[in-house]
Each structure stands twice: as C-alpha cells, then as structure tokens.
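Read the structure below first, then the notes.
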Amino acid sequence: MTSQGDSRIISNARIERRAQLWIRAYPRRWRQDRGEELLGLVVDLAGREARRLGATAALDLVRGGWGTRWREHPPLHTWLLYRLLDRRIPEAYRSWALDDIDGFWYPIRRSMFFLASYPAFLYALNVVDPWGPVPPAWHEPAWHYLVWAILMAVFLLIALPEVGRNPARHKHVAPRAGEPWVEGALVGWDVPRHRVEARSVLTWALPLLGIAGAASVVTSCLAPKVLLAKDVTFTPWNPDMVGGFELVVAPMVGLRVVAVGALVVALGLGVLGAALAGRRLDRFLGKRPAQPYRALRPISGTGKARVLFGIVIVGTLVWLEVSGRLVLGPSVLLGSVALLLLPGVVVALVVTRGSDDADLAAADVWRIVTRGRLPAVDPPAWGLRPLPAAQVPDARNGAVHG
Amino acid sequence: MRMTEQAYLVLLSLAGQPRHGYGIVGAVLELSDGATKLGAGTLYGLLDRMSEAGLVEACGDEVVAGRLRRYYRLTDDGSAALVAETARLRALTHRARLVLDTHVASGVA
C-alpha cells in the first residue's frame, strides 16, 4: 500500500513518461536544449493530483512539436538540392541538417529517391515491355517491387546504419573555410573512439547463435527436400555427350545424416576453439593496455535490431526448408557457423562476466580470441564537437584561447 | 511576427517582470480573465517565434523541486512592440466606441 505522497510521485513519473513520449514530436536538438524545461512545464500544468496526461495537452505538444519542425525545415528548393544532389545546406538550416543526419531514419531518407524511383522504373519497364511480347505470366505484380523497396530499406537501416553520416556531418554542419568560428559551432576535434562493451555484445550474440544452431538441427531433421548434383553420362537426344551433371531437387533419403553430421562436426570444432579461446582470454585479459582515447557503450538499438532481424531470417529459413518451399542448405550453412561460434561465445561470456574489467570492448575479445595477441591502443577518432566559448579563436590573430 | 491575441498576452505578462513558463501561463490566464489557457506546446511555439523576432530573451535558469525553470524577459524591441500594439488596440477601442455610440444614438432616434 502506498501513501498519498508516494502515489503522487508515481503519478508524476507516469505523466513525465507520457509527456516524454509526446515531446518526441519536437526536433532532437530542440529537445536536447529545452526538452527538460518543457517537460517541467507540462508536469506543472497537469497539476499535482493529476493521474494522467490529458488528450488536449498531448495534442498541444504534438502540434507544437510539428510546428517547430515545420519552422526549422528548409524551403522546398533548398531541401531538394540537399536531398537529391547533396548540395551544402545554408548556414541557417545547419541545426536541421544535424538532426536529419543524426536521425535513426537517415539511411532511408538519404536513399529515399533511389528506393522509390528504382522499383518504379523496373515496374514501368515491366509494364511497357520495350523488348517485345512477354507472356503475361512473366509480368511481376506491383507488390513485388514494393516488397523489394521495403527489404532494401530494412537492409540499409540494419546493415548500413552509419554509412555516409560522418562525411555528411563534415560537409553540411561544420563551418566552411574562411568562416569565423563562434561559440557552439561544430568543429573537427579528436574525440573518443566509441567501442561496444564485450559483455553487452556477447549477451545479445548468445541467443542469436543458440537459436540459429537449434534451428539448423530441427531443419536438418525435418526438411523433406535437398538439392543434388546428378551424373548425366548419356542422353538419347545427344549421343555425343561424354558426361556431365545436372542439379535436381530430391527427397532427403539417407542425406539427413550428412546434414546432422556437418552440424556435429561444426559444434566439435567450436568446442575445441572455445577451449583455446578460454586459455587466450585467461592469459591476455589482465595484461591489456590502458585505453585513454576510448569510450565504451552498450550495444545500440541498431545492434539489437540486427539480432532480432537475424532471428527473423533464421525463422524464415526454417519455415521455408521444413515446408519444402526451399531445399535444405542455407540453414545448415548458417547453423554450422553458429555452432562453430557458440561455445566460444559462451566461454567468453563466462570469462568476461567473472572478470572486473569494466573497460573491456568486444573488439578486444575478438582480437585476443582470434589472433592470440594483446589488443592495440585505440587512436582517437575524428569527429565534430561544439566549440566552447573559451576556445573561440581571437579574431585579430587567430589564436585559440584556453 | 504576427501579433495574435495569445502573443500579445504573453508579451504583456512579461512587461512587469521576467517569468518562467508556468508563471507566464498563470499571468496570461489572469490577464485574460480566465479566457486564455495556454498549453505548453503553444507557449513554447510563441516563445520560439518571439525569440527569433527578438522580442523576448532567456535571462536565467533555476532548478525547483528537481525541475529546470528558464526565465524570459522582454527585450527593448519587445517592449516597443507591446506599446505599439497596446496603442493600436486603444485606438481600435476608441473607434469601436464611436461606431457603437452612433449606432445606439441613431437607433434611439
């Protein structure tokens, strides 16, 4: 049972969480600068006894957020030049550009015209059919192109989330040559090199590899079809043929043992590798050099999304192969890799959880395990950072204070 | 920027003293005799536009009960805009009264 004061705090916390959700309607940089202040006002206006955020208040936040986005958005011609031709954005819209480049959906936004126009072009070709009559059955339905575009977009988000961001930041956001540096301008500095924590990566890798390994065993036991290379030594319609082969889809008679055997061999090699990995980690973990230019972070949302995407791919393969829509093969290949890595990941997770190395990166574990060497000292990365007032260059002689 | 009734009330609320967001909402409610209750999103939209137009500026922060409160005040341009808008409204009121007086007088006759 909670007291009245406790329930008020819980109620305010609930309102804060709700408000934070609606405040996401505001641009990212605006939120960083004034989000806390706005949140305080929303909670104050809701009142101490309020238990929920009203619909009017939520709508007001959404309207205010989108209004702010609209005001900060560059005009159409500037936006088209930026988006289509990668022309430099004018200074007045740098904050908007930084939000755009840092945003989760940037990989899709920067490729949106390709993602939209390429499938549309292929579909138009298919319909116009400039190369002559094609049987109607060969025409791809329109939704195939839509699915293709969606898969491309997911691939860009999951596999290439950071590609192009850094050059875009330097091109559109950093001050140009000859432009005076002012406080808050984003200028190039040596910044800490971000690495992902080993424990975080290993914790997320474990279920992915486990599911892929288990799924490959299930598929090998249940899949009804396999692709075989069949000898062709004589054909009545071509008596001169000396020999060859053709690929045929055949039932899984006697071949199930081969698939399961391949997985067992992969697991055995994985166990041997894990023993070696354990010895190497025990030997080198305590001798790692200090990393003065490193900043560790847990696995990102994109990393987690990659794991979930991988699990979806594995599940899809299992369904395709067990239902006979696809011959057995891809899941065995994936499963072999997973079973090869799985014991090593288990050992690495146990060792890293048992150690008190708070600054252990996944890259360190990978280097120690695969090469049997100490990890190198990370050099600093080159990135953008707001210029502090104390380091604004003197206009007369270009000297930097501080 | 366009001087709407809400914008005018916000400027008027800042005429006497700097205020934070909650203070502005309360002052506007009082000035409008309860007719205008600003939401947080509406208020910050107005403050953004007024800051861009140079009518108001932030003048300090404080943390109360764990929450950040930023204070805003009128700039010289903001004061001038407020005085000009008040004069315009006074002139409008004067003309409206003349029209109404004429209307009532002709109606009586």
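Labeling convention for the structure tokens: chains A, B, ... as they appear, residues from 1 per chain, ligands from 1 in order of appearance.
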Practice problem: Return the neighbours of chain B among the residues of chain A, cut-off 10 Å, counting only C-alpha atoms, as a list of chain:residue names. | Solution: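 Result: A:Ile23, A:Tyr26, A:Arg34, A:Gly35, A:Glu36, A:Glu37, A:Leu38, A:Leu39, A:Gly40, A:Leu41, A:Val42, A:Val43, A:Asp44, A:Leu45, A:Ala46, A:Thr56, A:Ala57, A:Ala58, A:Leu59, A:Asp60, A:Leu61, A:Val62, A:Arg63, A:Gly64, A:Gly65, A:Trp66, A:Gly67, A:Thr68, A:Arg71.
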Practice problem: Could you please write out, as a ChimeraX atom specification, every residue of chain B that DSSP assigns to helix (DSSP H, G or I)? | Solution: /B:5-13,21-31,40-52,76-108
Quiz item: Which residue, B:Ala35, B:Arg97, B:Ala27, B:Arg90, has the smallest gap to Leu12 of chain B when you use only C-alpha atoms?
Solution: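 Looking only at the distances to Leu12 of chain B, the closest residue turns out to be B:Ala27.
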Exercise. Could you pull out the residues in chain B that DSSP calls strand (DSSP E) from the backbone, as a ChimeraX atom specification?
Key: /B:19-20,56-64,67-74
Kindly save the residues from that selection, with C-alpha atoms included, as a PDB file, in the first residue's frame.
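See part.pdb below for the written result:
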ATOM      1  CA  ARG B  19       8.778  34.932 -15.722  1.00  0.00           C
ATOM      2  CA  HIS B  20       9.242  31.222 -16.303  1.00  0.00           C
ATOM      3  CA  VAL B  56      11.895  38.164 -25.783  1.00  0.00           C
ATOM      4  CA  GLU B  57      15.055  36.530 -24.491  1.00  0.00           C
ATOM      5  CA  ALA B  58      16.006  33.952 -21.888  1.00  0.00           C
ATOM      6  CA  CYS B  59      17.544  35.540 -18.810  1.00  0.00           C
ATOM      7  CA  GLY B  60      18.410  32.755 -16.399  1.00  0.00           C
ATOM      8  CA  ASP B  61      17.641  29.292 -15.113  1.00  0.00           C
ATOM      9  CA  GLU B  62      16.788  27.812 -11.761  1.00  0.00           C
ATOM     10  CA  VAL B  63      16.049  24.305 -10.585  1.00  0.00           C
ATOM     11  CA  VAL B  64      12.938  23.991  -8.430  1.00  0.00           C
ATOM     12  CA  ARG B  67      12.809  20.704 -12.477  1.00  0.00           C
ATOM     13  CA  LEU B  68      14.528  23.236 -14.690  1.00  0.00           C
ATOM     14  CA  ARG B  69      12.806  26.580 -14.982  1.00  0.00           C
ATOM     15  CA  ARG B  70      14.063  29.096 -17.522  1.00  0.00           C
ATOM     16  CA  TYR B  71      13.112  32.739 -17.151  1.00  0.00           C
ATOM     17  CA  TYR B  72      12.188  35.004 -20.061  1.00  0.00           C
ATOM     18  CA  ARG B  73      12.068  38.788 -20.268  1.00  0.00           C
ATOM     19  CA  LEU B  74      11.086  41.434 -22.781  1.00  0.00           C
TER      20      LEU B  74
END
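Nearest residue to Val322 of chain A among A:Leu160, A:Ala223, A:Leu84, A:Leu209 is A:Ala223, counting only C-alpha atoms.
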I'd like the neighbourhood of segment 297-308 of chain A as an mmCIF file with N, CA and C atoms, in the first residue's frame, where a residue qualifies if any of its atoms comes within 7 Å (using only C-alpha atoms), though same-chain residues fewer than 6 positions away should be ignored.
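After the write, part07.cif holds the following:
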data_model
loop_
_atom_site.group_PDB
_atom_site.id
_atom_site.type_symbol
_atom_site.label_atom_id
_atom_site.label_comp_id
_atom_site.auth_asym_id
_atom_site.auth_seq_id
_atom_site.Cartn_x
_atom_site.Cartn_y
_atom_site.Cartn_z
ATOM 1 N N ILE A 158 19.490 -1.717 -41.030
ATOM 2 C CA ILE A 158 20.085 -2.718 -40.143
ATOM 3 C C ILE A 158 21.571 -2.915 -40.443
ATOM 4 N N HIS A 194 34.506 5.301 -30.010
ATOM 5 C CA HIS A 194 33.446 4.514 -29.360
ATOM 6 C C HIS A 194 33.614 3.033 -29.676
ATOM 7 N N ARG A 195 33.578 2.252 -28.636
ATOM 8 C CA ARG A 195 33.600 0.790 -28.786
ATOM 9 C C ARG A 195 32.421 0.212 -28.019
ATOM 10 N N VAL A 196 32.018 -0.975 -28.412
ATOM 11 C CA VAL A 196 30.864 -1.604 -27.755
ATOM 12 C C VAL A 196 31.360 -2.554 -26.671
ATOM 13 N N GLU A 197 30.706 -2.520 -25.527
ATOM 14 C CA GLU A 197 31.090 -3.379 -24.394
ATOM 15 C C GLU A 197 31.014 -4.857 -24.771
ATOM 16 N N SER A 200 27.963 -6.790 -23.257
ATOM 17 C CA SER A 200 26.708 -6.446 -23.915
ATOM 18 C C SER A 200 26.578 -7.191 -25.246
ATOM 19 N N VAL A 201 27.652 -7.182 -26.050
ATOM 20 C CA VAL A 201 27.605 -7.855 -27.356
ATOM 21 C C VAL A 201 27.433 -9.363 -27.180
ATOM 22 N N LEU A 208 21.119 -15.314 -30.372
ATOM 23 C CA LEU A 208 21.092 -15.407 -31.836
ATOM 24 C C LEU A 208 21.764 -16.699 -32.304
#
